[in-house]
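Chemist: Sharing a structure, written as C-alpha cells. Questions coming.
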Amino acid sequence: FNHAAIVTPDYEIYHPIESEMTGNHTIITWGNAAGGTPTMYKPLLQHFASWGFVVVATTSRSSNAELLIGGVDLMAALNVEPDGIFEGQLNLDVVAASGHSLGGGAAIGAANQDPRIQVVCIGNSAPQDSTMTVTEGSMFIMGSINDPIANENLLQGIYDHSELPTVWGVLGRGSHFQYMGNGQAFRGYATAWLMAETQNDSYARGAFYGDCEICGHPDWTVQMKNMECNALSVFAREYGALTSDLNYNIPCDVNRDGDIDGSDLAEFAAGFK
C-alpha cells in the first residue's frame with residue numbers, strides 16, 4: 001500500500017491512500033515515549049500504513065492509556081462518518097496497541113481497559129508498574145540487551161504476569177531507542193506479529209509459530225508461553241519444562257500434569273496419526 005497522513009492537534013493518522021483502502025483495515029493505536037512525538041517514529045508508522053494498517057498516534061509527549069483509547073474512539077467515529085475516507089473501512093473487532101518506552105506501558109494499560117484491543121506489541125517499554133499485563137488477546141515484548149531503562153528485570157515482570165500467548169524477545173544489540181525512527185531491527189518482527197495476530201497471515205505466523213523463525217535467529221534471545229504447540233519442533237523446544245520454568249508452554253503439556261515429558265510426547269504424536 002502507498003500511504004498518507006492526516007494531522008490533527010491531538011492525533012496523527014497514518015493510512016493507505018484512499019484509492020487503496022479496501023475495507024477491514026486494522027487499527028493500531030500508538031503511544032510515544034516520554035517527551036516523544038509521532039514525528040520521531042514517522043518512518044515506522046508509515047511502514048505500518050504501507051502494510052495496510054491505519055495507525056492513530058497520540059501527539060502527547062506523555063502517553064497514557066486514556067489517550068490510546070481515545071485514538072480508537074476517534075477511528076470508530078471516523079468509521080461511520082458519512083462520505084469520509086474511513087467510512088466502513090476499519091475493523092473494530094480486533095484492534096492493536098503499540099508503543100515505545102512509556103508508550104508501551106500505555107499500550108498495556110489501554111488493552112487492560114478496552115476489550116477492542118486484542119493485540120499488543122511493545123518495544124523498549126518501561127511502564128511504571130512491572131506487574132502490568134493484558135488479560136485478553138496476545139502480546140509481543142521487544143527489548144534490547146543494552147537498555148538501562150526497559151531493563152531485563154522490568155520486562156521479566158511484564159512477561160511473568162502475562163497469562164496470554166506471549167513472546168518476549170531480547171535483541172543482542174541496540175539500546176533503549178531501538179523502536180524509534182524506522183523501528184530498526186524491531187520493525188520486521190513487530191510487523192510480522194501485527195500481521196499474524198490481527199489478520200492470521202500464514203507467512204507472518206511462521207515468525208513465531210511452528211518452526212518459529214525468531215526462535216532460531218542469532219540476534220535474538222526468545223522466551224514464549226501459552227503459544228500453540230502444533231509442530232514437533234515446538235514440542236522439542238519445550239520438552240522437559242515444568243510449570244515453574246520460563247519455557248513451560250501449556251499447550252505442550254497435553255495431559256496437564258505440570259511437566260512436558262514422554263507421556264505428553266506419546267499423546268502429542270498420536271494426534272498426528
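Order determines the names: the first chain of the C-alpha cells is A, the second B, and so forth; residues in each chain are numbered 1 upward, and ligands are numbered 1 upward as they are shown.
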Please provide the set of residues having any atom within 10 Å of Glu136 in chain A, restricted to only C-alpha atoms, with same-chain residues fewer than 4 positions apart removed, written as number ranges by chain.
Modeler: A: 111-112, 114-120, 162-165
Chemist: With C-alpha atoms retained, could you export that selection as an mmCIF file, in the first residue's frame?
Modeler:
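Listing of out.cif after writing:
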```cif
data_model
loop_
_atom_site.group_PDB
_atom_site.id
_atom_site.type_symbol
_atom_site.label_atom_id
_atom_site.label_comp_id
_atom_site.auth_asym_id
_atom_site.auth_seq_id
_atom_site.Cartn_x
_atom_site.Cartn_y
_atom_site.Cartn_z
ATOM 1 C CA ALA A 111 -5.528 -3.124 26.393
ATOM 2 C CA ASN A 112 -6.487 -3.732 30.028
ATOM 3 C CA ASP A 114 -10.614 -1.585 26.282
ATOM 4 C CA PRO A 115 -11.794 -5.014 25.056
ATOM 5 C CA ARG A 116 -11.473 -3.855 21.449
ATOM 6 C CA ILE A 117 -7.688 -4.001 21.866
ATOM 7 C CA GLN A 118 -6.732 -7.650 21.426
ATOM 8 C CA VAL A 119 -3.118 -7.422 20.249
ATOM 9 C CA VAL A 120 -0.206 -5.675 21.987
ATOM 10 C CA SER A 162 1.085 -12.386 31.431
ATOM 11 C CA GLU A 163 -1.345 -15.302 31.180
ATOM 12 C CA LEU A 164 -1.808 -14.815 27.440
ATOM 13 C CA PRO A 165 0.042 -16.076 24.395
#
```
Chemist: Please tabulate, as JSON lines, the residues of range 209-255 of chain A that come within 12 Å of range 174-189 of chain A, each with its closest pair of atoms and the distance in Å to one decimal, counting only C-alpha atoms and ordering rows by chain, then residue number upward.
Modeler:
```
{"residue": "A:Cys212", "atom": "CA", "partner": "A:Tyr189", "partner_atom": "CA", "distance": 11.3}
{"residue": "A:Glu213", "atom": "CA", "partner": "A:Tyr189", "partner_atom": "CA", "distance": 9.7}
{"residue": "A:Ile214", "atom": "CA", "partner": "A:Tyr189", "partner_atom": "CA", "distance": 7.9}
{"residue": "A:Cys215", "atom": "CA", "partner": "A:Tyr189", "partner_atom": "CA", "distance": 11.4}
{"residue": "A:His217", "atom": "CA", "partner": "A:Tyr189", "partner_atom": "CA", "distance": 11.1}
{"residue": "A:Asp219", "atom": "CA", "partner": "A:Ala185", "partner_atom": "CA", "distance": 9.5}
{"residue": "A:Trp220", "atom": "CA", "partner": "A:Ala185", "partner_atom": "CA", "distance": 10.1}
```
Chemist: To one decimal in Å, tell me the separation between CA of Leu232 in chain A and CA of Gly210 in chain A.
Modeler: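 Atom-to-atom, CA of Leu232 in chain A and CA of Gly210 in chain A are spaced 8.1 Å apart.
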Chemist: What lies within 7 Å of Ala110 in chain A using only C-alpha atoms, ignoring chain neighbours under 6 positions off, as a list in words?
Modeler: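 In the requested form, the answer reads Ala65, Glu66, Leu68 and Ile69 of chain A.
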Chemist: So which one's closest to Leu102 in chain A, A:Ser263, A:Thr37, A:Gln89, A:Ser144? Using only C-alpha atoms, please.
Modeler: A:Thr37
Chemist: DSSP on the backbone: which residues in range 77-133 of chain A end up as strand (DSSP E)? Give the answer as a PyMOL selection string.
Modeler: chain A and resi 90-100+117-123
Chemist: The selected residues should be written to file as a PDB file, in the first residue's frame (atoms: C-alpha atoms).
Modeler:
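Result file out06.pdb:
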```
ATOM      1  CA  LEU A  90     -12.000  -0.183   9.621  1.00  0.00           C
ATOM      2  CA  ASN A  91     -12.082  -3.415  11.623  1.00  0.00           C
ATOM      3  CA  LEU A  92     -13.064  -2.577  15.179  1.00  0.00           C
ATOM      4  CA  ASP A  93     -13.295  -6.201  16.319  1.00  0.00           C
ATOM      5  CA  VAL A  94      -9.517  -6.660  16.634  1.00  0.00           C
ATOM      6  CA  VAL A  95      -7.517  -3.512  17.383  1.00  0.00           C
ATOM      7  CA  ALA A  96      -3.772  -3.434  18.096  1.00  0.00           C
ATOM      8  CA  ALA A  97      -1.889  -1.212  20.543  1.00  0.00           C
ATOM      9  CA  SER A  98       1.803  -0.478  20.203  1.00  0.00           C
ATOM     10  CA  GLY A  99       4.289   1.954  21.638  1.00  0.00           C
ATOM     11  CA  HIS A 100       7.800   2.767  22.730  1.00  0.00           C
ATOM     12  CA  ILE A 117      -7.688  -4.001  21.866  1.00  0.00           C
ATOM     13  CA  GLN A 118      -6.732  -7.650  21.426  1.00  0.00           C
ATOM     14  CA  VAL A 119      -3.118  -7.422  20.249  1.00  0.00           C
ATOM     15  CA  VAL A 120      -0.206  -5.675  21.987  1.00  0.00           C
ATOM     16  CA  CYS A 121       3.255  -5.069  20.523  1.00  0.00           C
ATOM     17  CA  ILE A 122       5.677  -3.043  22.651  1.00  0.00           C
ATOM     18  CA  GLY A 123       9.304  -2.017  22.234  1.00  0.00           C
TER      19      GLY A 123
END
```
Chemist: List the spatial neighbours of Phe140 in chain A as a list in words - criterion: any atom at most 8 Å away, only C-alpha atoms, same-chain residues fewer than 2 positions off excluded.
Modeler: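 Near neighbours after the sequence-gap exclusion: Val120, Cys121, Ile122, Ser138, Met142, Thr166, Val167, Trp168, Gly169, Ala190 and Trp193 of chain A.
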Chemist: From range 63-265 of chain A, collect each residue whose DSSP state is alpha helix (DSSP H) and return the set as a PyMOL selection string.
Modeler: chain A and resi 65-79+102-113+152-160+187-199+202-205+232-238+262-265
Chemist: Quick one: which range 68-128 of chain A residues come within 9 Å of range 2-20 of chain A, and what is the nearest atom pair for each with the distance in Å to one decimal, counting only C-alpha atoms, rows ordered by chain and ascending number, as a tab-separated table?
Modeler:
```
residue	atom	partner	partner_atom	distance
A:Gly71	CA	A:Tyr11	CA	7.2
A:Ile85	CA	A:Glu18	CA	6.4
A:Phe86	CA	A:Glu18	CA	8.5
```
Chemist: Go ahead and write the residues just picked, N, CA, C and O atoms, as a compact mmCIF listing (two decimals), in the first residue's frame.
Modeler:
```
# COMPACT_ATOMS: atom_id res chain seq x y z
N GLY A 71 -7.71 7.38 20.82
CA GLY A 71 -7.39 7.19 19.42
C GLY A 71 -8.31 6.16 18.77
O GLY A 71 -8.77 6.34 17.63
N ILE A 85 -13.16 9.34 4.36
CA ILE A 85 -12.29 8.34 3.71
C ILE A 85 -12.24 7.04 4.50
O ILE A 85 -11.88 5.99 3.96
N PHE A 86 -12.61 7.09 5.78
CA PHE A 86 -12.57 5.88 6.60
C PHE A 86 -13.94 5.22 6.76
O PHE A 86 -14.06 4.20 7.44
```
Chemist: Would you compute the distance between CA of Leu265 in chain A and CA of Asn249 in chain A? Give it in Å to one decimal.
Modeler: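 Spanning CA of Leu265 in chain A to CA of Asn249 in chain A is a straight-line distance of 13.5 Å.
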Chemist: Just how far from CA of Asn146 in chain A is CA of Gly172 in chain A, in Å to one decimal?
Modeler: 7.9 Å
Chemist: Could you check which of A:Leu242, A:Ala266, A:Ile27, A:Ile250 is closest to Lys225 in chain A, using only C-alpha atoms?
Modeler: A:Ile250
Chemist: Could you pull the residues within 9 Å of Leu155 in chain A, counting only C-alpha atoms, minus those fewer than 2 positions along the same chain, as a list in words?
Modeler: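 Contacts, with the query itself left out: Asn124, Ser125, Ala126, Ser130, Ile141, Met142, Gly143, Ala150, Asn151, Glu152, Asn153, Gly157, Ile158, Tyr159, Asp160 and Trp168 of chain A.
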Chemist: Could you turn the residues from that selection into a file that holds N, CA, C and O atoms, as a PDB file, in the first residue's frame?
Modeler:
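Generated output (again.pdb):
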```pdb
ATOM      1  N   ASN A 124      11.052  -1.685  23.900  1.00  0.00           N
ATOM      2  CA  ASN A 124      11.813  -0.942  24.909  1.00  0.00           C
ATOM      3  C   ASN A 124      10.871  -0.265  25.896  1.00  0.00           C
ATOM      4  O   ASN A 124      11.038   0.911  26.228  1.00  0.00           O
ATOM      5  N   SER A 125       9.894  -1.008  26.356  1.00  0.00           N
ATOM      6  CA  SER A 125       8.805  -0.396  27.117  1.00  0.00           C
ATOM      7  C   SER A 125       9.070  -0.409  28.605  1.00  0.00           C
ATOM      8  O   SER A 125       9.534  -1.405  29.157  1.00  0.00           O
ATOM      9  N   ALA A 126       8.764   0.708  29.243  1.00  0.00           N
ATOM     10  CA  ALA A 126       9.065   0.887  30.659  1.00  0.00           C
ATOM     11  C   ALA A 126       7.847   1.421  31.398  1.00  0.00           C
ATOM     12  O   ALA A 126       7.811   2.583  31.795  1.00  0.00           O
ATOM     13  N   SER A 130       5.681  -2.908  36.794  1.00  0.00           N
ATOM     14  CA  SER A 130       6.096  -4.074  36.011  1.00  0.00           C
ATOM     15  C   SER A 130       5.124  -5.238  36.149  1.00  0.00           C
ATOM     16  O   SER A 130       5.278  -6.253  35.466  1.00  0.00           O
ATOM     17  N   ILE A 141       6.664  -8.656  23.403  1.00  0.00           N
ATOM     18  CA  ILE A 141       7.519  -7.737  24.156  1.00  0.00           C
ATOM     19  C   ILE A 141       8.896  -7.738  23.503  1.00  0.00           C
ATOM     20  O   ILE A 141       9.531  -8.784  23.386  1.00  0.00           O
ATOM     21  N   MET A 142       9.383  -6.569  23.082  1.00  0.00           N
ATOM     22  CA  MET A 142      10.706  -6.465  22.472  1.00  0.00           C
ATOM     23  C   MET A 142      11.617  -5.631  23.357  1.00  0.00           C
ATOM     24  O   MET A 142      11.251  -4.533  23.782  1.00  0.00           O
ATOM     25  N   GLY A 143      12.804  -6.154  23.643  1.00  0.00           N
ATOM     26  CA  GLY A 143      13.782  -5.441  24.446  1.00  0.00           C
ATOM     27  C   GLY A 143      15.148  -5.483  23.795  1.00  0.00           C
ATOM     28  O   GLY A 143      15.399  -6.246  22.857  1.00  0.00           O
ATOM     29  N   ALA A 150      14.364   0.169  30.061  1.00  0.00           N
ATOM     30  CA  ALA A 150      13.488  -1.010  29.983  1.00  0.00           C
ATOM     31  C   ALA A 150      14.380  -2.238  30.120  1.00  0.00           C
ATOM     32  O   ALA A 150      14.632  -2.971  29.167  1.00  0.00           O
ATOM     33  N   ASN A 151      14.884  -2.449  31.328  1.00  0.00           N
ATOM     34  CA  ASN A 151      15.885  -3.490  31.543  1.00  0.00           C
ATOM     35  C   ASN A 151      15.236  -4.868  31.684  1.00  0.00           C
ATOM     36  O   ASN A 151      14.018  -5.009  31.723  1.00  0.00           O
ATOM     37  N   GLU A 152      16.102  -5.877  31.786  1.00  0.00           N
ATOM     38  CA  GLU A 152      15.620  -7.258  31.792  1.00  0.00           C
ATOM     39  C   GLU A 152      14.679  -7.535  32.957  1.00  0.00           C
ATOM     40  O   GLU A 152      13.677  -8.226  32.800  1.00  0.00           O
ATOM     41  N   ASN A 153      14.972  -6.985  34.135  1.00  0.00           N
ATOM     42  CA  ASN A 153      14.117  -7.246  35.295  1.00  0.00           C
ATOM     43  C   ASN A 153      12.716  -6.683  35.096  1.00  0.00           C
ATOM     44  O   ASN A 153      11.717  -7.304  35.475  1.00  0.00           O
ATOM     45  N   GLY A 157       9.181  -8.918  34.603  1.00  0.00           N
ATOM     46  CA  GLY A 157       7.944  -8.770  35.358  1.00  0.00           C
ATOM     47  C   GLY A 157       6.723  -8.743  34.462  1.00  0.00           C
ATOM     48  O   GLY A 157       5.701  -9.373  34.762  1.00  0.00           O
ATOM     49  N   ILE A 158       6.821  -8.019  33.341  1.00  0.00           N
ATOM     50  CA  ILE A 158       5.699  -7.962  32.410  1.00  0.00           C
ATOM     51  C   ILE A 158       5.415  -9.351  31.856  1.00  0.00           C
ATOM     52  O   ILE A 158       4.262  -9.798  31.790  1.00  0.00           O
ATOM     53  N   TYR A 159       6.476 -10.045  31.480  1.00  0.00           N
ATOM     54  CA  TYR A 159       6.333 -11.389  30.911  1.00  0.00           C
ATOM     55  C   TYR A 159       5.751 -12.357  31.937  1.00  0.00           C
ATOM     56  O   TYR A 159       4.822 -13.115  31.641  1.00  0.00           O
ATOM     57  N   ASP A 160       6.288 -12.343  33.146  1.00  0.00           N
ATOM     58  CA  ASP A 160       5.856 -13.290  34.169  1.00  0.00           C
ATOM     59  C   ASP A 160       4.381 -13.131  34.517  1.00  0.00           C
ATOM     60  O   ASP A 160       3.699 -14.111  34.844  1.00  0.00           O
ATOM     61  N   TRP A 168       8.523 -12.911  24.304  1.00  0.00           N
ATOM     62  CA  TRP A 168       9.463 -11.902  24.796  1.00  0.00           C
ATOM     63  C   TRP A 168      10.780 -12.112  24.068  1.00  0.00           C
ATOM     64  O   TRP A 168      11.431 -13.136  24.230  1.00  0.00           O
TER      65      TRP A 168
END
```
Chemist: Compile the contact shell of Gln199 in chain A as a PyMOL selection string: residues with an atom at most 9 Å away, counting only C-alpha atoms, same-chain residues fewer than 3 positions apart removed.
Modeler: chain A and resi 26+94+194-196+202
Chemist: Could you take the residues named above and write them with all heavy atoms, as a PDB file, in the first residue's frame?
Modeler:
```
ATOM      1  N   THR A  26      -6.995  -2.884   9.831  1.00  0.00           N
ATOM      2  CA  THR A  26      -6.748  -2.965  11.269  1.00  0.00           C
ATOM      3  C   THR A  26      -6.208  -1.640  11.796  1.00  0.00           C
ATOM      4  O   THR A  26      -5.327  -1.028  11.189  1.00  0.00           O
ATOM      5  CB  THR A  26      -5.734  -4.081  11.578  1.00  0.00           C
ATOM      6  OG1 THR A  26      -6.279  -5.331  11.157  1.00  0.00           O
ATOM      7  CG2 THR A  26      -5.421  -4.142  13.061  1.00  0.00           C
ATOM      8  N   VAL A  94     -10.870  -6.346  16.170  1.00  0.00           N
ATOM      9  CA  VAL A  94      -9.517  -6.660  16.634  1.00  0.00           C
ATOM     10  C   VAL A  94      -8.635  -5.444  16.390  1.00  0.00           C
ATOM     11  O   VAL A  94      -8.233  -5.169  15.257  1.00  0.00           O
ATOM     12  CB  VAL A  94      -8.921  -7.889  15.930  1.00  0.00           C
ATOM     13  CG1 VAL A  94      -7.518  -8.164  16.456  1.00  0.00           C
ATOM     14  CG2 VAL A  94      -9.805  -9.108  16.135  1.00  0.00           C
ATOM     15  N   LEU A 194       2.054  -8.183  14.231  1.00  0.00           N
ATOM     16  CA  LEU A 194       0.793  -7.494  13.983  1.00  0.00           C
ATOM     17  C   LEU A 194       0.013  -8.164  12.854  1.00  0.00           C
ATOM     18  O   LEU A 194      -1.207  -8.322  12.935  1.00  0.00           O
ATOM     19  CB  LEU A 194       1.055  -6.019  13.663  1.00  0.00           C
ATOM     20  CG  LEU A 194       1.608  -5.203  14.843  1.00  0.00           C
ATOM     21  CD1 LEU A 194       2.185  -3.877  14.363  1.00  0.00           C
ATOM     22  CD2 LEU A 194       0.524  -4.967  15.891  1.00  0.00           C
ATOM     23  N   MET A 195       0.703  -8.585  11.801  1.00  0.00           N
ATOM     24  CA  MET A 195       0.041  -9.284  10.696  1.00  0.00           C
ATOM     25  C   MET A 195      -0.471 -10.650  11.141  1.00  0.00           C
ATOM     26  O   MET A 195      -1.583 -11.063  10.784  1.00  0.00           O
ATOM     27  CB  MET A 195       1.010  -9.438   9.522  1.00  0.00           C
ATOM     28  CG  MET A 195       1.366  -8.149   8.814  1.00  0.00           C
ATOM     29  SD  MET A 195      -0.023  -7.447   7.883  1.00  0.00           S
ATOM     30  CE  MET A 195      -0.236  -8.687   6.594  1.00  0.00           C
ATOM     31  N   ALA A 196       0.345 -11.371  11.913  1.00  0.00           N
ATOM     32  CA  ALA A 196      -0.045 -12.713  12.356  1.00  0.00           C
ATOM     33  C   ALA A 196      -1.242 -12.670  13.292  1.00  0.00           C
ATOM     34  O   ALA A 196      -2.189 -13.462  13.156  1.00  0.00           O
ATOM     35  CB  ALA A 196       1.133 -13.398  13.038  1.00  0.00           C
ATOM     36  N   SER A 202      -0.564 -16.281   7.255  1.00  0.00           N
ATOM     37  CA  SER A 202       0.166 -17.541   7.425  1.00  0.00           C
ATOM     38  C   SER A 202       1.671 -17.352   7.321  1.00  0.00           C
ATOM     39  O   SER A 202       2.441 -17.993   8.052  1.00  0.00           O
ATOM     40  CB  SER A 202      -0.305 -18.572   6.391  1.00  0.00           C
ATOM     41  OG  SER A 202      -0.120 -18.100   5.068  1.00  0.00           O
TER      42      SER A 202
END
```
